[in-house]
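Reading through the structure tokens given below for one structure.
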Amino acid sequence: MFQKFVLATGVLAALAPCASAQTMVEHSSEARFQLDLHVPDAAIMSCLPQGFTLNVATQGPAKDANLRAVFIDRVTINAPDGKPIGKGSNRLVYLVAPVKDPAGGNSQLVIGGLTEDPEDAPGPFGVYRLATTHSMQRSTSSATGPIMDSQDWVFTAATGERLEMHIKYERGVANKTNPADTKFYSAKNPGFYQISRQEQVLDILRNATTNPPNRVKEFSFKAGGGTYSKLFDGTEKLLSWDNILWINRTVSVP
């Protein structure tokens with residue numbers, strides 16, 4: 001069973017103890033929107049390297065979620081000395097699965113992603129594709145009623161993979177989590193992982209299990225094409241809509 005993972009719902013699905021000897025790679029401040037999904041188990045299983053097993057929650061806000069699509073506005077990206085890395089900012093969406101690593105630890109497995117920065121493909125996990133078409137728009141409006149936010153994301157690779165989301169929702173009062181460490185493994189190079197120490201403010205807008213008041217006013221999600229066609233074959237189910245207003249991350253490697 002795993003907690004709602006920073007990427008979204010709870011803190012981050014899988015809090016695992018990390019080795020004491022670590023080298024900091026970068027720090028980032030981000031805004032995210034995370035969708036928890038259930039996709040065909042066979043499609044996910046085909047992405048797991050040897051020694052990894054799925055770790056799907058059987059209760060709680062992450063119940064039945066075997067994949068997360070996380071839309072990420074990396075507002076700032078800084079090196080350990082505080083200077084910007086590359087362009088200092090980026091937009092991307094990645095796909096992660098909750099897993100048990102070969103040692104039995106709760107972890108996340110990065111199985112795919114689309115990024116707007118050519119320097120970020122294939123990225124640290126070796127699985128990102130360059131989004132030759134990409135756009136992101138986030139907006140907030142406030143008058144006499146509740147605060148309303150909207151987000152529009154479109155990412156498409158030349159090889160056909162696409163991940164798109166439109167959502168409009170009523171912003172709520174969100175919870176802040178304490179900093180926690182999670183291991184993120186590469187599905188392509190399973191010997192590689194990063195340790196992400198992160199804290200966030202999470203607002204669950206809609207959830208199929210815990211049934212909070214539904215504050216999603218408009219929503220559409222399109223995914224598939226290319227190597228993603230088996231994951232998104234039309235039978236996928238949306239389980240949770242998680243607005244992460246901000247997340248601060250320090251990324252290290254062992």
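Residue numbering restarts at 1 in every chain; chains get A, B, ... in the order shown in the structure tokens, and ligands count up from 1 in that same order.
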
Within 12 Å of A:Pro213 using only C-alpha atoms, minus same-chain residues under 4 positions, as a VMD selection string: chain A and resid 169 to 172 203 to 209 217 241

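The list of residues with at least one atom within 7 Å of stretch 129-138 of chain A, based on only C-alpha atoms and without residues fewer than 3 positions apart in the same chain, reads Gly113, Leu114, Thr115, Glu116, Asp117, Pro118, Ala121, Pro122, Ser150, Gln151, Asp152, Trp153, Val154, Phe155, Thr156, Ala157 and Ala158 of chain A.
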
Take the selection from the previous step and output its residues with C-alpha atoms, as a PDB file, in the first residue's frame.
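Just written: again.pdb:
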```pdb
ATOM      1  CA  GLY A 113       7.455  11.677 -19.960  1.00  0.00           C
ATOM      2  CA  LEU A 114       7.199  14.556 -22.429  1.00  0.00           C
ATOM      3  CA  THR A 115       9.305  17.682 -21.959  1.00  0.00           C
ATOM      4  CA  GLU A 116       9.510  21.026 -23.726  1.00  0.00           C
ATOM      5  CA  ASP A 117      13.266  21.448 -23.127  1.00  0.00           C
ATOM      6  CA  PRO A 118      15.467  19.644 -25.697  1.00  0.00           C
ATOM      7  CA  ALA A 121      15.318  14.615 -23.309  1.00  0.00           C
ATOM      8  CA  PRO A 122      15.836  11.792 -22.568  1.00  0.00           C
ATOM      9  CA  SER A 150      -7.858  26.869 -14.701  1.00  0.00           C
ATOM     10  CA  GLN A 151      -5.039  24.913 -16.321  1.00  0.00           C
ATOM     11  CA  ASP A 152      -4.444  23.880 -19.923  1.00  0.00           C
ATOM     12  CA  TRP A 153      -1.578  21.557 -20.911  1.00  0.00           C
ATOM     13  CA  VAL A 154      -0.754  20.084 -24.310  1.00  0.00           C
ATOM     14  CA  PHE A 155       2.332  17.933 -24.968  1.00  0.00           C
ATOM     15  CA  THR A 156       2.843  15.932 -28.166  1.00  0.00           C
ATOM     16  CA  ALA A 157       5.984  14.136 -29.383  1.00  0.00           C
ATOM     17  CA  ALA A 158       6.978  13.678 -33.022  1.00  0.00           C
TER      18      ALA A 158
END
```

Among listed residues A:Asn189, A:Thr53, A:Asn248, A:Thr227, nearest A:Lys176 (using only C-alpha atoms): A:Asn248

Shortest interatomic distance to A:Ala97 - which of A:Ser141, A:Thr76, A:Ser186, A:Ser196, counting only C-alpha atoms: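 Among the listed residues, the smallest separation from A:Ala97 belongs to A:Ser186.
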
Filtered DSSP result for stretch 17-183 of chain A, state strand (DSSP E or B), as a PyMOL selection string: chain A and resi 23-38+53-54+67-78+84+90-100+106-115+128-141+148-157+162-170+175-176+180-183

One-decimal distance in Å that lies between atom CA of A:Leu231 and atom CA of A:Gln50: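 Atom CA of A:Gln50 sits 19.2 Å away from atom CA of A:Leu231.
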
Best match for closeness to A:Pro254 among A:Ser240, A:Gln194, A:Thr210, A:Thr159, counting only C-alpha atoms: A:Gln194

Given only C-alpha atoms as the counted atoms, nearest of A:Ser142, A:Thr250, A:Gln34, A:Gln198 to A:Leu95: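 Smallest separation from A:Leu95 among the options: A:Gln34.
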
Coordinates-based distance that separates atom CA of A:Arg74 from atom CA of A:Ile195 (Å, one decimal): 17.3 Å

Residue neighbourhood A:Cys47, 12 Å, only C-alpha atoms, exclusion window fewer than 2 positions, as an MDAnalysis selection string: chainID A and resid 40:45 49:54 66:67 95:99 109:112 127 186:190 227:228 230:231

Dump as a CSV table (one decimal), in the first residue's frame, selection limited to N, CA, C and O atoms:
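Wrote result06.csv, looks like this:
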```csv
chain,number,residue,atom,x,y,z
A,40,PRO,N,-4.6,-0.4,-17.7
A,40,PRO,CA,-4.5,-1.9,-17.8
A,40,PRO,C,-3.2,-2.4,-17.0
A,40,PRO,O,-2.1,-2.0,-17.3
A,41,ASP,N,-3.5,-3.4,-16.1
A,41,ASP,CA,-2.3,-3.9,-15.3
A,41,ASP,C,-1.3,-4.5,-16.2
A,41,ASP,O,-0.1,-4.4,-15.9
A,42,ALA,N,-1.7,-5.2,-17.3
A,42,ALA,CA,-0.7,-5.8,-18.2
A,42,ALA,C,0.2,-4.8,-18.8
A,42,ALA,O,1.4,-5.1,-19.0
A,43,ALA,N,-0.3,-3.6,-19.1
A,43,ALA,CA,0.5,-2.6,-19.7
A,43,ALA,C,1.5,-2.1,-18.8
A,43,ALA,O,2.7,-1.8,-19.1
A,44,ILE,N,1.1,-1.9,-17.5
A,44,ILE,CA,2.1,-1.4,-16.5
A,44,ILE,C,3.1,-2.5,-16.2
A,44,ILE,O,4.3,-2.2,-16.1
A,45,MET,N,2.7,-3.7,-16.1
A,45,MET,CA,3.6,-4.8,-15.8
A,45,MET,C,4.7,-4.9,-16.8
A,45,MET,O,5.8,-5.3,-16.5
A,49,PRO,N,11.0,-3.3,-14.6
A,49,PRO,CA,12.2,-4.0,-14.7
A,49,PRO,C,12.2,-5.2,-13.8
A,49,PRO,O,11.4,-5.3,-12.9
A,50,GLN,N,13.1,-6.2,-14.0
A,50,GLN,CA,13.2,-7.3,-13.2
A,50,GLN,C,13.5,-6.9,-11.7
A,50,GLN,O,14.3,-6.1,-11.5
A,51,GLY,N,12.8,-7.6,-10.8
A,51,GLY,CA,13.0,-7.3,-9.4
A,51,GLY,C,12.0,-6.3,-8.8
A,51,GLY,O,11.9,-6.1,-7.6
A,52,PHE,N,11.3,-5.5,-9.7
A,52,PHE,CA,10.3,-4.5,-9.2
A,52,PHE,C,8.9,-5.1,-9.3
A,52,PHE,O,8.6,-5.9,-10.2
A,53,THR,N,8.1,-4.7,-8.3
A,53,THR,CA,6.7,-5.2,-8.3
A,53,THR,C,5.8,-4.0,-8.1
A,53,THR,O,6.2,-3.0,-7.4
A,54,LEU,N,4.6,-4.0,-8.6
A,54,LEU,CA,3.6,-3.0,-8.3
A,54,LEU,C,3.2,-2.9,-6.9
A,54,LEU,O,3.2,-3.9,-6.2
A,66,ASN,N,-2.5,2.8,-10.2
A,66,ASN,CA,-1.3,2.1,-10.6
A,66,ASN,C,-0.5,3.0,-11.5
A,66,ASN,O,0.6,2.6,-12.0
A,67,LEU,N,-0.9,4.2,-11.8
A,67,LEU,CA,-0.2,5.1,-12.6
A,67,LEU,C,-0.6,6.6,-12.3
A,67,LEU,O,-1.7,6.8,-11.9
A,95,LEU,N,5.1,10.2,-16.3
A,95,LEU,CA,4.3,9.1,-15.9
A,95,LEU,C,5.1,8.3,-14.9
A,95,LEU,O,6.2,7.8,-15.2
A,96,VAL,N,4.5,8.0,-13.7
A,96,VAL,CA,5.2,7.3,-12.7
A,96,VAL,C,4.2,6.2,-12.1
A,96,VAL,O,3.0,6.4,-12.0
A,97,ALA,N,4.8,5.1,-11.7
A,97,ALA,CA,4.1,4.0,-11.1
A,97,ALA,C,4.6,3.7,-9.7
A,97,ALA,O,5.8,3.8,-9.4
A,98,PRO,N,3.7,3.4,-8.7
A,98,PRO,CA,4.1,3.1,-7.4
A,98,PRO,C,4.6,1.6,-7.4
A,98,PRO,O,3.9,0.7,-7.8
A,99,VAL,N,5.8,1.4,-6.9
A,99,VAL,CA,6.4,0.1,-6.9
A,99,VAL,C,7.1,-0.3,-5.6
A,99,VAL,O,7.4,0.6,-4.8
A,109,LEU,N,8.5,4.6,-9.9
A,109,LEU,CA,9.2,4.2,-11.1
A,109,LEU,C,8.8,5.1,-12.2
A,109,LEU,O,7.6,5.2,-12.6
A,110,VAL,N,9.7,5.8,-12.8
A,110,VAL,CA,9.4,6.8,-13.9
A,110,VAL,C,9.5,6.0,-15.2
A,110,VAL,O,10.5,5.5,-15.6
A,111,ILE,N,8.3,5.9,-15.9
A,111,ILE,CA,8.2,5.0,-17.0
A,111,ILE,C,8.1,5.8,-18.3
A,111,ILE,O,8.2,5.3,-19.4
A,112,GLY,N,7.9,7.2,-18.2
A,112,GLY,CA,7.7,8.0,-19.5
A,112,GLY,C,7.6,9.4,-19.1
A,112,GLY,O,7.4,9.8,-18.0
A,127,VAL,N,13.9,8.4,-20.2
A,127,VAL,CA,12.6,8.0,-20.7
A,127,VAL,C,11.8,9.2,-21.3
A,127,VAL,O,10.7,9.0,-21.8
A,186,SER,N,14.5,4.7,-12.6
A,186,SER,CA,14.3,4.7,-14.0
A,186,SER,C,13.8,3.3,-14.5
A,186,SER,O,14.5,2.3,-14.2
A,187,ALA,N,12.7,3.3,-15.3
A,187,ALA,CA,12.3,2.1,-15.9
A,187,ALA,C,13.2,1.6,-16.9
A,187,ALA,O,13.3,0.4,-17.2
A,188,LYS,N,14.0,2.5,-17.6
A,188,LYS,CA,14.9,2.1,-18.6
A,188,LYS,C,16.2,1.6,-18.1
A,188,LYS,O,16.8,0.6,-18.6
A,189,ASN,N,16.7,2.3,-17.0
A,189,ASN,CA,18.0,2.0,-16.4
A,189,ASN,C,17.7,1.7,-14.9
A,189,ASN,O,18.0,2.6,-14.1
A,190,PRO,N,17.2,0.6,-14.5
A,190,PRO,CA,16.7,0.4,-13.1
A,190,PRO,C,17.8,0.4,-12.1
A,190,PRO,O,17.5,0.5,-10.9
A,227,THR,N,4.3,4.9,-28.0
A,227,THR,CA,4.5,3.9,-26.9
A,227,THR,C,3.5,4.0,-25.8
A,227,THR,O,3.5,3.1,-24.9
A,228,TYR,N,2.7,5.0,-25.8
A,228,TYR,CA,1.7,5.2,-24.7
A,228,TYR,C,0.3,4.5,-25.0
A,228,TYR,O,-0.6,4.6,-24.2
A,230,LYS,N,-0.7,1.5,-25.3
A,230,LYS,CA,-1.1,0.3,-24.5
A,230,LYS,C,-1.5,0.8,-23.1
A,230,LYS,O,-2.4,0.2,-22.5
A,231,LEU,N,-0.9,1.9,-22.6
A,231,LEU,CA,-1.3,2.4,-21.3
A,231,LEU,C,-2.6,3.0,-21.3
A,231,LEU,O,-3.4,2.9,-20.4
```

Shell of 8 Å around A:Tyr193, only C-alpha atoms, local chain residues under 5 positions omitted, as a list in words: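 Here the qualifying residues turn out to be Phe125, Lys183, Phe184, Tyr185, Ser186 and Val253 of chain A.
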
All alpha helix (DSSP H) residues (DSSP, backbone) inside stretch 5-220 of chain A, as a PyMOL selection string: chain A and resi 41-45

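The gap separating atom CA of A:Lys222 from atom CA of A:Gly88 is 28.5 Å, in Å to one decimal.
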
Shell of 8 Å around A:Thr140, only C-alpha atoms, local chain residues under 3 positions omitted, as a PDB file with N, CA, C and O atoms, in the first residue's frame:
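File out_1.pdb, as written:
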```pdb
ATOM      1  N   ILE A 147     -12.436  31.519  -5.340  1.00  0.00           N
ATOM      2  CA  ILE A 147     -11.315  31.637  -6.262  1.00  0.00           C
ATOM      3  C   ILE A 147     -11.391  30.491  -7.262  1.00  0.00           C
ATOM      4  O   ILE A 147     -11.535  29.331  -6.889  1.00  0.00           O
ATOM      5  N   MET A 148     -11.295  30.815  -8.538  1.00  0.00           N
ATOM      6  CA  MET A 148     -11.371  29.822  -9.598  1.00  0.00           C
ATOM      7  C   MET A 148     -10.027  29.769 -10.325  1.00  0.00           C
ATOM      8  O   MET A 148      -9.470  30.814 -10.691  1.00  0.00           O
ATOM      9  N   ASP A 149      -9.521  28.561 -10.507  1.00  0.00           N
ATOM     10  CA  ASP A 149      -8.283  28.343 -11.251  1.00  0.00           C
ATOM     11  C   ASP A 149      -8.590  27.532 -12.503  1.00  0.00           C
ATOM     12  O   ASP A 149      -9.534  26.735 -12.528  1.00  0.00           O
ATOM     13  N   SER A 150      -7.768  27.719 -13.519  1.00  0.00           N
ATOM     14  CA  SER A 150      -7.858  26.869 -14.701  1.00  0.00           C
ATOM     15  C   SER A 150      -6.455  26.540 -15.184  1.00  0.00           C
ATOM     16  O   SER A 150      -5.521  27.333 -15.002  1.00  0.00           O
TER      17      SER A 150
END
```

Nearest-residue call for A:Arg249, choices A:Glu161, A:Glu199, A:Asp36, A:Glu119, using only C-alpha atoms: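 The answer is A:Glu199, which sits nearest to A:Arg249.
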